[in-house]
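Q: Below is the file model_5.cif, which contains mmCIF, C-alpha atoms and all ligand atoms.
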```
data_query
#
loop_
_atom_site.label_atom_id
_atom_site.label_comp_id
_atom_site.auth_asym_id
_atom_site.auth_seq_id
_atom_site.Cartn_x
_atom_site.Cartn_y
_atom_site.Cartn_z
CA MET L 178 -19.05 -23.49 15.56
CA THR L 179 -17.21 -20.43 16.85
CA THR L 180 -18.69 -16.93 16.65
CA ASN L 181 -16.20 -16.08 13.90
CA GLN L 182 -17.26 -19.14 11.90
CA LYS L 183 -20.97 -18.37 12.35
CA LEU L 184 -20.46 -14.80 11.16
CA PHE L 185 -18.44 -15.99 8.18
CA GLU L 186 -21.23 -18.42 7.25
CA ARG L 187 -23.76 -15.58 7.40
CA ALA L 188 -21.48 -13.25 5.50
CA GLN L 189 -21.06 -15.74 2.66
CA GLN L 190 -24.82 -15.84 2.13
CA PHE L 191 -24.99 -12.19 1.19
CA ILE L 192 -21.50 -10.93 0.37
CA PRO L 193 -19.43 -12.58 -2.39
CA GLY L 194 -16.85 -14.66 -0.56
CA GLY L 195 -18.08 -13.15 2.69
CA VAL L 196 -15.82 -10.12 2.33
CA ASN L 197 -15.70 -6.68 0.79
CA SER L 198 -12.09 -7.05 -0.38
CA PRO L 199 -10.80 -10.47 -1.48
CA VAL L 200 -7.65 -11.03 0.62
CA ARG L 201 -9.69 -10.64 3.81
CA ALA L 202 -11.29 -14.03 3.11
CA PHE L 203 -8.16 -15.99 4.21
CA ARG L 204 -8.52 -18.13 1.05
CA SER L 205 -4.83 -18.65 0.43
CA VAL L 206 -3.90 -19.35 4.06
CA GLY L 207 -7.05 -21.29 4.91
CA GLY L 208 -9.21 -21.04 8.02
CA THR L 209 -11.76 -18.46 9.07
CA PRO L 210 -11.18 -14.72 8.88
CA ARG L 211 -11.36 -12.96 12.22
CA PHE L 212 -14.24 -10.51 12.51
CA LEU L 213 -12.76 -7.58 14.36
CA THR L 214 -14.67 -5.36 16.75
CA ARG L 215 -12.14 -3.01 18.28
CA GLY L 216 -8.59 -1.73 18.03
CA LYS L 217 -6.45 0.23 20.45
CA GLY L 218 -2.86 1.23 19.73
CA PRO L 219 -0.97 -1.77 18.31
CA ARG L 220 -3.72 -4.30 19.19
CA VAL L 221 -7.08 -5.50 17.86
CA TRP L 222 -9.82 -7.72 19.29
CA ASP L 223 -12.14 -10.12 17.48
CA VAL L 224 -15.81 -10.93 18.13
CA GLU L 225 -14.77 -13.69 20.52
CA GLY L 226 -12.75 -11.26 22.61
CA LYS L 227 -9.40 -12.68 21.50
CA GLU L 228 -6.62 -10.10 21.45
CA TYR L 229 -4.02 -9.80 18.67
CA ILE L 230 -0.92 -7.71 18.10
CA ASP L 231 -1.65 -6.15 14.73
CA TYR L 232 0.93 -6.03 11.91
CA VAL L 233 -1.66 -5.32 9.20
CA CYS L 234 -2.66 -1.88 10.52
CA SER L 235 -5.63 -1.81 8.14
CA TRP L 236 -3.19 -2.62 5.29
CA GLY L 237 -0.98 0.34 6.04
CA PRO L 238 -3.03 3.43 6.92
CA LEU L 239 -2.66 3.23 10.71
CA LEU L 240 0.80 4.76 11.07
CA HIS L 241 -0.05 5.69 14.66
CA GLY L 242 -2.01 2.58 15.55
CA HIS L 243 -5.70 2.16 16.29
CA ALA L 244 -7.86 4.89 17.80
CA HIS L 245 -5.03 7.31 18.52
CA PRO L 246 -6.49 9.75 21.11
CA SER L 247 -5.52 12.90 19.14
CA VAL L 248 -7.07 11.51 15.94
CA ILE L 249 -10.26 10.39 17.65
CA GLN L 250 -10.70 13.72 19.42
CA ALA L 251 -10.29 15.69 16.21
CA VAL L 252 -12.59 13.37 14.27
CA GLN L 253 -15.30 13.61 16.95
CA ALA L 254 -15.16 17.39 16.84
CA SER L 255 -15.32 17.30 13.03
CA VAL L 256 -18.31 14.94 13.00
CA GLU L 257 -20.21 17.40 15.20
CA ARG L 258 -19.78 20.04 12.50
CA GLY L 259 -21.33 17.87 9.74
CA LEU L 260 -20.26 14.88 7.70
CA SER L 261 -20.01 16.25 4.19
CA PHE L 262 -20.72 19.47 2.30
CA GLY L 263 -19.79 18.86 -1.32
CA ALA L 264 -18.35 22.38 -1.22
CA PRO L 265 -14.77 23.51 -0.67
CA THR L 266 -13.46 23.67 2.91
CA ALA L 267 -10.42 25.28 4.52
CA LEU L 268 -9.33 21.80 5.63
CA GLU L 269 -8.73 20.72 2.02
CA VAL L 270 -6.56 23.76 1.43
CA GLU L 271 -4.57 22.94 4.55
CA MET L 272 -4.16 19.33 3.40
CA ALA L 273 -3.04 20.36 -0.08
CA GLU L 274 -0.52 22.83 1.38
CA LYS L 275 0.78 20.23 3.81
CA LEU L 276 1.23 17.58 1.12
CA THR L 277 3.03 19.97 -1.21
CA GLN L 278 5.36 21.00 1.64
CA LEU L 279 6.20 17.44 2.61
CA LEU L 280 6.61 16.15 -0.95
CA PRO L 281 8.33 18.84 -2.98
CA SER L 282 7.51 17.07 -6.29
CA LEU L 283 3.85 17.95 -5.67
CA GLU L 284 3.07 21.41 -6.95
CA MET L 285 -0.68 20.82 -6.92
CA VAL L 286 -2.84 18.05 -5.50
CA ARG L 287 -6.34 16.72 -5.84
CA LEU L 288 -8.01 14.60 -3.16
CA THR L 289 -9.96 11.42 -3.85
CA SER L 290 -11.56 8.81 -1.61
CA SER L 291 -9.50 5.73 -2.53
CA GLY L 292 -6.10 4.82 -3.89
CA THR L 293 -7.82 3.22 -6.89
CA GLU L 294 -9.39 6.53 -7.85
CA ALA L 295 -6.08 8.31 -7.41
CA THR L 296 -4.17 5.97 -9.75
CA MET L 297 -7.02 5.77 -12.29
CA SER L 298 -7.18 9.54 -12.39
CA ALA L 299 -3.40 9.92 -12.66
CA ILE L 300 -3.40 7.56 -15.65
CA ARG L 301 -6.22 9.44 -17.37
CA LEU L 302 -4.44 12.71 -16.70
CA ALA L 303 -1.16 11.41 -18.11
CA ARG L 304 -2.98 10.22 -21.25
CA GLY L 305 -4.80 13.52 -21.61
CA PHE L 306 -1.61 15.51 -21.10
CA THR L 307 0.53 13.55 -23.53
CA GLY L 308 -2.16 12.65 -26.07
CA ARG L 309 -0.77 9.09 -26.01
CA ASN L 310 -2.40 5.82 -24.96
CA LEU L 311 0.21 3.33 -23.82
CA ILE L 312 0.80 2.72 -20.12
CA VAL L 313 3.76 0.82 -18.70
CA LYS L 314 3.51 -1.02 -15.40
CA PHE L 315 5.54 -3.71 -13.67
CA GLU L 316 4.72 -7.30 -12.88
CA GLY L 317 3.59 -7.75 -9.28
CA CYS L 318 2.85 -4.07 -8.72
CA TYR L 319 -0.73 -3.32 -7.72
CA HIS L 320 -2.24 0.07 -8.39
CA GLY L 321 -5.84 -0.48 -7.35
CA HIS L 322 -8.53 -2.12 -9.45
CA GLY L 323 -8.93 0.34 -12.31
CA ASP L 324 -9.28 -1.47 -15.66
CA ALA L 325 -6.05 -0.18 -17.19
CA LEU L 326 -4.00 -1.24 -14.17
CA LEU L 327 -5.44 -4.63 -13.35
CA VAL L 328 -3.02 -6.36 -15.66
CA LYS L 329 -0.41 -8.65 -14.09
CA ALA L 330 -1.22 -7.02 -10.76
CA GLY L 331 0.00 -7.97 -7.31
CA SER L 332 -1.72 -8.19 -3.92
CA GLY L 333 -5.07 -10.01 -3.88
CA ALA L 334 -5.01 -10.56 -7.62
CA LEU L 335 -1.73 -12.39 -7.17
CA THR L 336 -2.80 -14.21 -4.03
CA PHE L 337 -5.65 -15.79 -5.96
CA GLY L 338 -3.61 -16.52 -9.04
CA GLN L 339 -5.66 -14.02 -11.03
CA PRO L 340 -3.20 -11.29 -11.87
CA ASP L 341 -5.36 -10.50 -14.88
CA SER L 342 -9.00 -9.80 -14.07
CA GLY L 343 -12.05 -10.92 -16.02
CA GLY L 344 -14.24 -8.14 -17.34
CA ILE L 345 -11.46 -6.06 -18.86
CA PRO L 346 -11.71 -5.68 -22.64
CA ALA L 347 -8.66 -7.10 -24.41
CA GLU L 348 -8.40 -3.87 -26.40
CA LEU L 349 -7.97 -1.97 -23.17
CA ALA L 350 -5.54 -4.44 -21.60
CA ALA L 351 -3.48 -4.21 -24.78
CA GLN L 352 -2.79 -0.56 -23.98
CA THR L 353 -0.98 -1.61 -20.80
CA LEU L 354 2.52 -2.98 -21.30
CA VAL L 355 3.95 -5.00 -18.46
CA LEU L 356 7.66 -5.29 -17.72
CA GLU L 357 9.60 -7.12 -15.06
CA TYR L 358 10.25 -5.04 -11.95
CA ASN L 359 13.91 -4.08 -11.61
CA HIS L 360 14.69 -5.16 -15.20
CA MET L 361 16.52 -2.25 -16.81
CA GLY L 362 17.25 -4.01 -20.09
CA GLN L 363 13.53 -4.51 -20.82
CA LEU L 364 12.86 -0.86 -20.08
CA GLU L 365 15.56 0.36 -22.41
CA GLU L 366 14.42 -1.93 -25.19
CA LEU L 367 10.79 -0.85 -24.90
CA PHE L 368 11.62 2.84 -24.85
CA SER L 369 13.95 2.51 -27.81
CA THR L 370 11.15 1.05 -29.95
CA ARG L 371 7.93 2.64 -28.60
CA GLY L 372 9.10 5.46 -26.32
CA ASN L 373 7.18 8.16 -28.19
CA GLN L 374 3.87 6.28 -27.74
CA ILE L 375 4.15 5.87 -23.97
CA ALA L 376 1.87 8.16 -21.98
CA ALA L 377 3.04 7.06 -18.56
CA VAL L 378 5.09 4.64 -16.55
CA ILE L 379 3.51 3.83 -13.20
CA VAL L 380 5.58 2.14 -10.53
CA GLU L 381 5.56 1.38 -6.83
CA PRO L 382 8.99 2.88 -6.05
CA VAL L 383 9.25 0.26 -3.34
CA ALA L 384 6.98 -2.62 -4.33
CA GLY L 385 4.60 -3.59 -1.53
CA ASN L 386 2.09 -5.79 -3.29
CA MET L 387 4.29 -8.80 -3.98
CA ASN L 388 5.46 -8.94 -0.36
CA MET L 389 8.12 -6.18 -0.35
CA VAL L 390 10.67 -5.73 -3.10
CA LEU L 391 13.25 -2.96 -3.06
CA PRO L 392 14.24 -1.18 -6.26
CA ARG L 393 17.67 -2.22 -7.48
CA PRO L 394 20.24 0.57 -7.42
CA GLY L 395 19.75 2.60 -10.60
CA PHE L 396 16.29 1.21 -11.49
CA LEU L 397 14.31 4.29 -10.48
CA SER L 398 16.84 6.71 -11.94
CA LYS L 399 16.76 4.78 -15.23
CA LEU L 400 12.98 5.22 -15.22
CA ARG L 401 13.38 8.93 -14.62
CA GLU L 402 15.96 9.23 -17.38
CA LEU L 403 13.95 7.34 -20.01
CA THR L 404 10.59 8.98 -19.28
CA THR L 405 12.18 12.44 -19.39
CA ALA L 406 13.95 11.67 -22.65
CA HIS L 407 10.72 10.44 -24.31
CA GLY L 408 8.22 12.92 -22.84
CA SER L 409 6.36 10.23 -20.88
CA VAL L 410 4.86 10.95 -17.48
CA LEU L 411 6.55 9.16 -14.57
CA ILE L 412 4.00 8.23 -11.89
CA PHE L 413 5.18 7.05 -8.49
CA ASP L 414 2.39 5.14 -6.82
CA GLU L 415 3.12 5.93 -3.18
CA VAL L 416 -0.32 4.92 -1.90
CA MET L 417 1.46 2.42 0.34
CA THR L 418 4.92 3.95 0.77
CA GLY L 419 3.84 7.58 1.26
CA PHE L 420 4.45 8.63 4.90
CA ARG L 421 5.12 4.95 5.63
CA VAL L 422 8.76 4.45 4.60
CA ALA L 423 9.79 8.07 5.28
CA LEU L 424 8.19 11.46 5.80
CA GLY L 425 8.94 12.38 2.19
CA GLY L 426 7.92 8.98 0.81
CA ALA L 427 10.12 6.62 -1.21
CA GLN L 428 10.93 9.51 -3.57
CA SER L 429 12.82 11.23 -0.77
CA LEU L 430 14.78 8.07 0.07
CA TYR L 431 15.86 7.47 -3.53
CA GLY L 432 16.17 11.12 -4.53
CA ILE L 433 13.88 10.91 -7.58
CA ARG L 434 11.34 13.55 -8.56
CA PRO L 435 8.38 11.89 -10.33
CA ASP L 436 5.99 13.92 -12.50
CA LEU L 437 2.94 12.64 -10.65
CA THR L 438 2.53 10.87 -7.31
CA THR L 439 -0.44 8.98 -5.93
CA LEU L 440 -1.04 8.82 -2.20
CA GLY L 441 -3.58 7.09 0.04
CA LYS L 442 -3.58 4.96 3.18
CA VAL L 443 -1.58 7.00 5.77
CA ILE L 444 -2.84 10.37 4.51
CA GLY L 445 -6.31 9.37 5.74
CA GLY L 446 -5.12 7.46 8.80
CA GLY L 447 -7.95 4.94 8.45
CA MET L 448 -10.55 7.17 6.79
CA PRO L 449 -11.32 7.03 3.05
CA LEU L 450 -8.84 9.56 1.70
CA ALA L 451 -6.30 9.48 -1.11
CA ALA L 452 -4.69 11.99 -3.46
CA PHE L 453 -2.77 12.51 -6.65
CA GLY L 454 -0.56 15.41 -7.46
CA GLY L 455 2.58 16.61 -9.13
CA ARG L 456 3.75 19.00 -11.82
CA ARG L 457 1.62 22.13 -12.12
CA ASP L 458 1.57 22.05 -15.94
CA ILE L 459 0.16 18.51 -15.84
CA MET L 460 -2.28 19.07 -12.97
CA GLU L 461 -3.71 22.10 -14.77
CA TYR L 462 -5.04 19.70 -17.41
CA LEU L 463 -7.69 18.66 -14.87
CA ALA L 464 -11.25 20.00 -15.01
CA PRO L 465 -12.34 22.71 -14.38
CA LEU L 466 -9.08 24.18 -15.74
CA GLY L 467 -8.41 21.65 -18.44
CA PRO L 468 -9.96 18.90 -20.57
CA VAL L 469 -9.41 15.86 -18.30
CA TYR L 470 -12.46 15.11 -16.18
CA GLN L 471 -12.21 13.80 -12.64
CA ALA L 472 -14.60 14.29 -9.71
CA GLY L 473 -16.08 12.84 -6.51
CA THR L 474 -19.18 13.46 -4.37
CA LEU L 475 -17.22 12.79 -1.20
CA SER L 476 -13.77 13.90 -2.42
CA GLY L 477 -11.97 15.88 0.29
CA ASN L 478 -14.47 14.75 2.90
CA PRO L 479 -14.00 16.97 5.98
CA VAL L 480 -13.95 14.13 8.53
CA ALA L 481 -11.42 12.14 6.50
CA VAL L 482 -9.23 15.18 5.91
CA THR L 483 -9.35 16.02 9.62
CA ALA L 484 -8.14 12.52 10.51
CA GLY L 485 -5.44 12.77 7.86
CA LEU L 486 -4.15 16.15 9.03
CA VAL L 487 -3.72 14.91 12.59
CA ASN L 488 -1.90 11.80 11.32
CA LEU L 489 0.47 13.91 9.22
CA HIS L 490 1.02 16.32 12.09
CA LEU L 491 2.01 13.40 14.34
CA ALA L 492 4.25 12.03 11.56
CA CYS L 493 6.29 15.23 11.59
CA ALA L 494 7.67 14.59 15.10
CA ASP L 495 11.47 14.69 15.18
CA GLY L 496 13.17 11.34 14.66
CA LEU L 497 9.87 9.48 14.32
CA TYR L 498 10.80 7.51 11.19
CA GLU L 499 14.23 6.59 12.57
CA ARG L 500 12.62 5.13 15.71
CA LEU L 501 9.95 3.38 13.65
CA GLY L 502 12.57 1.95 11.29
CA GLU L 503 14.61 0.67 14.22
CA MET L 504 11.56 -1.00 15.76
CA THR L 505 10.61 -2.62 12.46
CA ARG L 506 14.16 -3.91 11.86
CA THR L 507 14.37 -5.36 15.38
CA LEU L 508 11.10 -7.19 14.80
CA THR L 509 11.81 -8.60 11.36
CA GLU L 510 15.45 -9.46 11.92
CA GLY L 511 14.39 -11.14 15.17
CA ILE L 512 11.82 -13.30 13.36
CA VAL L 513 14.30 -14.23 10.65
CA GLU L 514 16.87 -15.25 13.26
CA VAL L 515 14.37 -17.43 15.11
CA GLY L 516 13.24 -18.96 11.81
CA ARG L 517 16.76 -19.71 10.66
CA ASP L 518 17.57 -21.29 14.03
CA ALA L 519 14.62 -23.59 13.42
CA GLY L 520 16.01 -24.54 10.02
CA TYR L 521 13.93 -22.27 7.77
CA PRO L 522 15.86 -20.24 5.20
CA MET L 523 14.40 -16.75 5.59
CA SER L 524 15.14 -13.17 4.57
CA THR L 525 13.70 -9.75 5.31
CA CYS L 526 13.79 -6.11 4.28
CA SER L 527 12.16 -3.04 5.74
CA LEU L 528 11.97 0.74 5.42
CA GLY L 529 10.36 2.86 8.12
CA GLY L 530 7.24 1.02 9.23
CA MET L 531 6.91 -1.28 6.19
CA PHE L 532 8.44 -4.73 5.97
CA GLY L 533 8.82 -7.84 3.85
CA LEU L 534 9.35 -11.29 5.29
CA TYR L 535 10.31 -14.23 3.09
CA PHE L 536 10.58 -17.96 3.47
CA ARG L 537 13.48 -17.83 1.06
CA GLU L 538 17.22 -17.52 1.65
CA LYS L 539 17.83 -14.38 -0.39
CA LEU L 540 15.77 -11.24 -0.90
CA PRO L 541 13.93 -11.32 -4.25
CA ASN L 542 14.28 -8.63 -6.94
CA THR L 543 11.41 -9.68 -9.17
CA LEU L 544 7.99 -11.29 -8.99
CA THR L 545 9.42 -14.55 -10.33
CA GLU L 546 11.84 -14.66 -7.41
CA VAL L 547 9.08 -13.75 -4.95
CA MET L 548 7.08 -16.72 -6.25
CA GLU L 549 9.96 -19.05 -5.38
CA SER L 550 9.46 -18.43 -1.66
CA ASP L 551 7.90 -21.23 0.39
CA ARG L 552 4.19 -20.41 0.61
CA PHE L 553 3.39 -23.53 2.60
CA ALA L 554 5.88 -22.60 5.30
CA PHE L 555 4.41 -19.08 5.35
CA ASN L 556 0.87 -20.41 5.71
CA ALA L 557 1.82 -22.69 8.62
CA PHE L 558 3.71 -19.83 10.27
CA PHE L 559 0.75 -17.48 9.73
CA GLN L 560 -1.73 -19.91 11.34
CA GLY L 561 0.57 -20.62 14.29
CA MET L 562 1.10 -16.92 14.92
CA LEU L 563 -2.63 -16.20 14.64
CA ASP L 564 -3.32 -18.80 17.33
CA GLU L 565 -0.69 -17.06 19.44
CA GLY L 566 -2.51 -13.73 19.01
CA ILE L 567 -0.22 -12.24 16.38
CA TYR L 568 -2.02 -10.86 13.33
CA PHE L 569 -0.02 -10.82 10.10
CA ALA L 570 -1.51 -10.24 6.64
CA PRO L 571 -3.20 -13.47 5.47
CA SER L 572 -1.07 -13.89 2.35
CA ALA L 573 2.58 -14.49 1.51
CA PHE L 574 2.35 -11.65 -1.01
CA GLU L 575 1.58 -8.72 1.25
CA ALA L 576 3.90 -6.32 3.03
CA GLY L 577 3.57 -5.94 6.79
CA PHE L 578 3.33 -2.80 8.89
CA VAL L 579 4.55 -1.61 12.28
CA SER L 580 3.02 1.50 13.82
CA THR L 581 4.63 4.23 15.90
CA VAL L 582 2.81 2.90 18.97
CA HIS L 583 4.17 -0.66 18.77
CA THR L 584 6.66 -0.94 21.64
CA SER L 585 9.31 -3.40 22.75
CA LEU L 586 6.57 -5.16 24.72
CA GLU L 587 4.75 -6.12 21.49
CA LEU L 588 8.04 -7.01 19.82
CA ASP L 589 9.11 -9.29 22.68
CA GLN L 590 5.70 -10.98 22.72
CA THR L 591 5.87 -11.47 18.96
CA LEU L 592 9.37 -12.93 19.04
CA SER L 593 8.59 -15.38 21.82
CA ALA L 594 5.43 -16.42 19.97
CA ALA L 595 7.54 -16.94 16.83
CA GLU L 596 9.96 -19.15 18.78
CA ARG L 597 7.10 -21.37 19.96
CA VAL L 598 5.52 -21.50 16.51
CA PHE L 599 8.77 -22.42 14.74
CA LYS L 600 9.45 -25.10 17.35
CA GLN L 601 6.00 -26.62 16.64
CA LEU L 602 6.49 -26.42 12.88
CA ARG L 603 9.73 -28.29 13.15
N1 LIG L 701 -1.72 1.54 -5.04
C1 LIG L 701 -1.04 0.82 -4.15
C2 LIG L 701 0.46 0.81 -4.20
C3 LIG L 701 -1.71 0.08 -3.18
O1 LIG L 701 -1.02 -0.64 -2.30
C4 LIG L 701 -3.13 0.13 -3.15
C5 LIG L 701 -3.94 -0.65 -2.14
N2 LIG L 701 -3.31 -1.61 -1.43
C6 LIG L 701 -3.79 0.90 -4.11
C7 LIG L 701 -3.05 1.60 -5.04
C8 LIG L 701 -5.29 0.98 -4.14
O2 LIG L 701 -5.77 1.72 -3.05
P1 LIG L 701 -7.26 1.48 -2.54
O3 LIG L 701 -7.33 0.11 -1.99
O4 LIG L 701 -7.44 2.57 -1.51
O5 LIG L 701 -8.15 1.68 -3.71
#
```
As structure tokens, how would this structure be written, given the file I've shared?
A:
Amino acid sequence: MTTNQKLFERAQQFIPGGVNSPVRAFRSVGGTPRFLTRGKGPRVWDVEGKEYIDYVCSWGPLLHGHAHPSVIQAVQASVERGLSFGAPTALEVEMAEKLTQLLPSLEMVRLTSSGTEATMSAIRLARGFTGRNLIVKFEGCYHGHGDALLVKAGSGALTFGQPDSGGIPAELAAQTLVLEYNHMGQLEELFSTRGNQIAAVIVEPVAGNMNMVLPRPGFLSKLRELTTAHGSVLIFDEVMTGFRVALGGAQSLYGIRPDLTTLGKVIGGGMPLAAFGGRRDIMEYLAPLGPVYQAGTLSGNPVAVTAGLVNLHLACADGLYERLGEMTRTLTEGIVEVGRDAGYPMSTCSLGGMFGLYFREKLPNTLTEVMESDRFAFNAFFQGMLDEGIYFAPSAFEAGFVSTVHTSLELDQTLSAAERVFKQLR
């Protein structure tokens, strides 16, 4: 038994499934998860000392790779000053100012410790503000594991064929209406009949939890138009896309101003930090100003905020997202070319440092189309690449990530590995 296998055996004795977040268990791809010990730049190492080029980047947060020297230095200095105060700090003010500068739709922000808390809180706030109950979400979008949002969700829920979770009262689930992503007709129909009961529409403006699905032209502006017309709150869940697809998030790429935005992942750069923010009149409904309660013992944690500020500072470098986008395109288009040469119909899309890779001829627009991709081919490709020391997300339904410290060296190594793997598969 390998060290990874032994650890996984031990883990399964005491942790459900051996993991603290389901997709980590490698259930859908098979095999043993790698227990990681160290990361540096674009690479990680497992307990057996095997090195991997990392395209998971902790599921998105590591925009600048592992253990970036500037981040580590700042975090070490912050740790020396104390881990948590449960009192306001200047760092939080700086973070709030920075976020509102970089995303003009944010007039006020509140920090939380996870993306789940951010989306849960945004939903509660939208309900409190509008005095309505109904929430609209889209099939295949994942917004964390809050009860109201774990209905027809993507990511791990989808990977395990459990898009609807047990333990959620039917009465509560009934308050969440689910539409097909990119389907404008369904949206119009729903708003024409129940528009004045809808508290909020929450959407991943670029969907990253059913692999990666781009919004069809006009989809996001239709959302904006209908929510404005009916007084519903439009929430962009940019936990994944924020500072990942562009400095101003997906909202800057598509030119849409949501009422509320949720952020996470990159804003903490690997530390537990997330946020929600938006229109001042809505945010002022939050306690202690308003009637909607929301709180957190560790919210705005100084070490996490320090890490986040350095990450955002680095993200502001001139031309950074153009270079990152170029790198990501070279990688994914390279893989697709190698795959097609080996006889696999494949397609890809990417924005900034986020990408989708499909064993399917054409890019999908909806969850149904995503499900038509060849999962078996993906699984075989995944295992082959893992053996070659290339670490992709262990599911056909996750987006991938390139960091600003991946170089042409990693890309070349990845593409030659892909050539060998596809040759074997054939
Ligand atoms: N929203 C989106 C779009 C996400 O991708 C995620 C996590 N992958 C979440 C919310 C939940 O964030 P967290 O895992 O930090 O709770």
Q: May I ask you to write as a PyMOL selection string all residues lying at most 8 Å from ligand LIG 701 (chain L), with all atoms listed in the file counted?
A: chain L and resi 236+290-296+318-322+332+381+384-386+414-418+439-442+449-451
Q: Nearest residue to Glu549 in chain L out of L:Gln352, L:Phe536, L:Ile433, L:Pro238, using all atoms listed in the file?
A: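 Closest residue, counting all atoms listed in the file: L:Phe536.
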Q: Mind giving me the straight-line distance from CA of Gly530 in chain L to CA of Val355 in chain L in Å, one decimal?
A: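 Calculated distance between CA of Gly530 in chain L and CA of Val355 in chain L is 28.5 Å.
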Q: Using Å and a single decimal, report how far CA of Ser593 in chain L sits from CA of Val513 in chain L.
A: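 According to the coordinates, CA of Val513 in chain L and CA of Ser593 in chain L are separated by 12.6 Å.
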Q: Find the spatial neighbours of range 490-499 of chain L, counting all atoms listed in the file, within a cut-off of 10 Å - ignore same-chain residues fewer than 3 positions away - and output them as a list in words.
A: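 Returned residues: Leu240, His241, Ser247, Val248, Lys275, Leu279, Phe420, Arg421, Val422, Ala423, Leu424, Val443, Gly485, Leu486, Val487, Gly502, Glu503, Met504, Thr505, Leu528, Gly529, Gly530 and Thr581 of chain L.
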Q: How about saving the chosen residues, C-alpha atoms kept, as a compact mmCIF listing (two decimals), in the frame of the given file?
A:
```txt
# COMPACT_ATOMS: atom_id res chain seq x y z
CA LEU L 240 0.80 4.76 11.07
CA HIS L 241 -0.05 5.69 14.66
CA SER L 247 -5.52 12.90 19.14
CA VAL L 248 -7.07 11.51 15.94
CA LYS L 275 0.78 20.23 3.81
CA LEU L 279 6.20 17.44 2.61
CA PHE L 420 4.45 8.63 4.90
CA ARG L 421 5.12 4.95 5.63
CA VAL L 422 8.76 4.45 4.60
CA ALA L 423 9.79 8.07 5.28
CA LEU L 424 8.19 11.46 5.80
CA VAL L 443 -1.58 7.00 5.77
CA GLY L 485 -5.44 12.77 7.86
CA LEU L 486 -4.15 16.15 9.03
CA VAL L 487 -3.72 14.91 12.59
CA GLY L 502 12.57 1.95 11.29
CA GLU L 503 14.61 0.67 14.22
CA MET L 504 11.56 -1.00 15.76
CA THR L 505 10.61 -2.62 12.46
CA LEU L 528 11.97 0.74 5.42
CA GLY L 529 10.36 2.86 8.12
CA GLY L 530 7.24 1.02 9.23
CA THR L 581 4.63 4.23 15.90
```
Q: Excluding Glu257 in chain L and residues on its chain fewer than 5 positions from it, collect all residues at most 12 Å away from it, counting all atoms listed in the file, and give them as a list in words.
A: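 Answer for this query is Gln250, Ala251, Val252, Pro479 and Val480 of chain L.
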Q: For CA of Glu366 in chain L and CA of Phe315 in chain L, determine how far apart the two atoms are, in Å to one decimal place.
A: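 One can read the CA of Glu366 in chain L to CA of Phe315 in chain L distance as 14.7 Å.
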Q: Which one is closest to Asp518 in chain L: L:Ala595, L:Ala267, L:Ile412, L:Ala347? Count all atoms listed in the file.
A: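 Result for the nearest residue to Asp518 in chain L: L:Ala595.
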Q: Could you give me the axis-aligned bounding box of range 580-593 of chain L, with 6 Å of padding per side, as centre plus edge lengths in Å to one decimal, as JSON?
A:
```
{"center_x": 6.1, "center_y": -5.6, "center_z": 19.3, "size_x": 18.6, "size_y": 31.6, "size_z": 22.9}
```
Q: Skipping near chain neighbours, those fewer than 6 positions away, what residues fall within 12 Å of Gly344 in chain L using only C-alpha atoms, listed as a list of chain:residue names?
A: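 In the requested form, the answer reads L:His322, L:Gly323, L:Asp324, L:Ala325, L:Leu327, L:Val328, L:Ala350.
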Q: If I only have part of range 487-495 of chain L, can you fill in N, CA and C atoms and write it as an mmCIF file, in the frame of the given file?
A:
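Below you can see result29.cif, which holds the result:
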```cif
data_model
loop_
_atom_site.group_PDB
_atom_site.id
_atom_site.type_symbol
_atom_site.label_atom_id
_atom_site.label_comp_id
_atom_site.auth_asym_id
_atom_site.auth_seq_id
_atom_site.Cartn_x
_atom_site.Cartn_y
_atom_site.Cartn_z
ATOM 1 N N VAL L 487 -4.292 15.245 11.284
ATOM 2 C CA VAL L 487 -3.720 14.910 12.590
ATOM 3 C C VAL L 487 -2.641 13.833 12.422
ATOM 4 N N ASN L 488 -2.908 12.850 11.579
ATOM 5 C CA ASN L 488 -1.900 11.800 11.320
ATOM 6 C C ASN L 488 -0.611 12.399 10.768
ATOM 7 N N LEU L 489 -0.728 13.313 9.820
ATOM 8 C CA LEU L 489 0.470 13.910 9.220
ATOM 9 C C LEU L 489 1.188 14.782 10.241
ATOM 10 N N HIS L 490 0.416 15.491 11.058
ATOM 11 C CA HIS L 490 1.020 16.320 12.090
ATOM 12 C C HIS L 490 1.863 15.430 13.034
ATOM 13 N N LEU L 491 1.278 14.320 13.448
ATOM 14 C CA LEU L 491 2.010 13.400 14.340
ATOM 15 C C LEU L 491 3.248 12.824 13.636
ATOM 16 N N ALA L 492 3.138 12.625 12.326
ATOM 17 C CA ALA L 492 4.250 12.030 11.560
ATOM 18 C C ALA L 492 5.450 12.957 11.487
ATOM 19 N N CYS L 493 5.202 14.251 11.721
ATOM 20 C CA CYS L 493 6.290 15.230 11.590
ATOM 21 C C CYS L 493 7.166 15.326 12.840
ATOM 22 N N ALA L 494 6.858 14.550 13.879
ATOM 23 C CA ALA L 494 7.670 14.590 15.100
ATOM 24 C C ALA L 494 9.119 14.213 14.780
ATOM 25 N N ASP L 495 10.031 14.929 15.411
ATOM 26 C CA ASP L 495 11.470 14.690 15.180
ATOM 27 C C ASP L 495 11.859 13.235 15.402
#
```
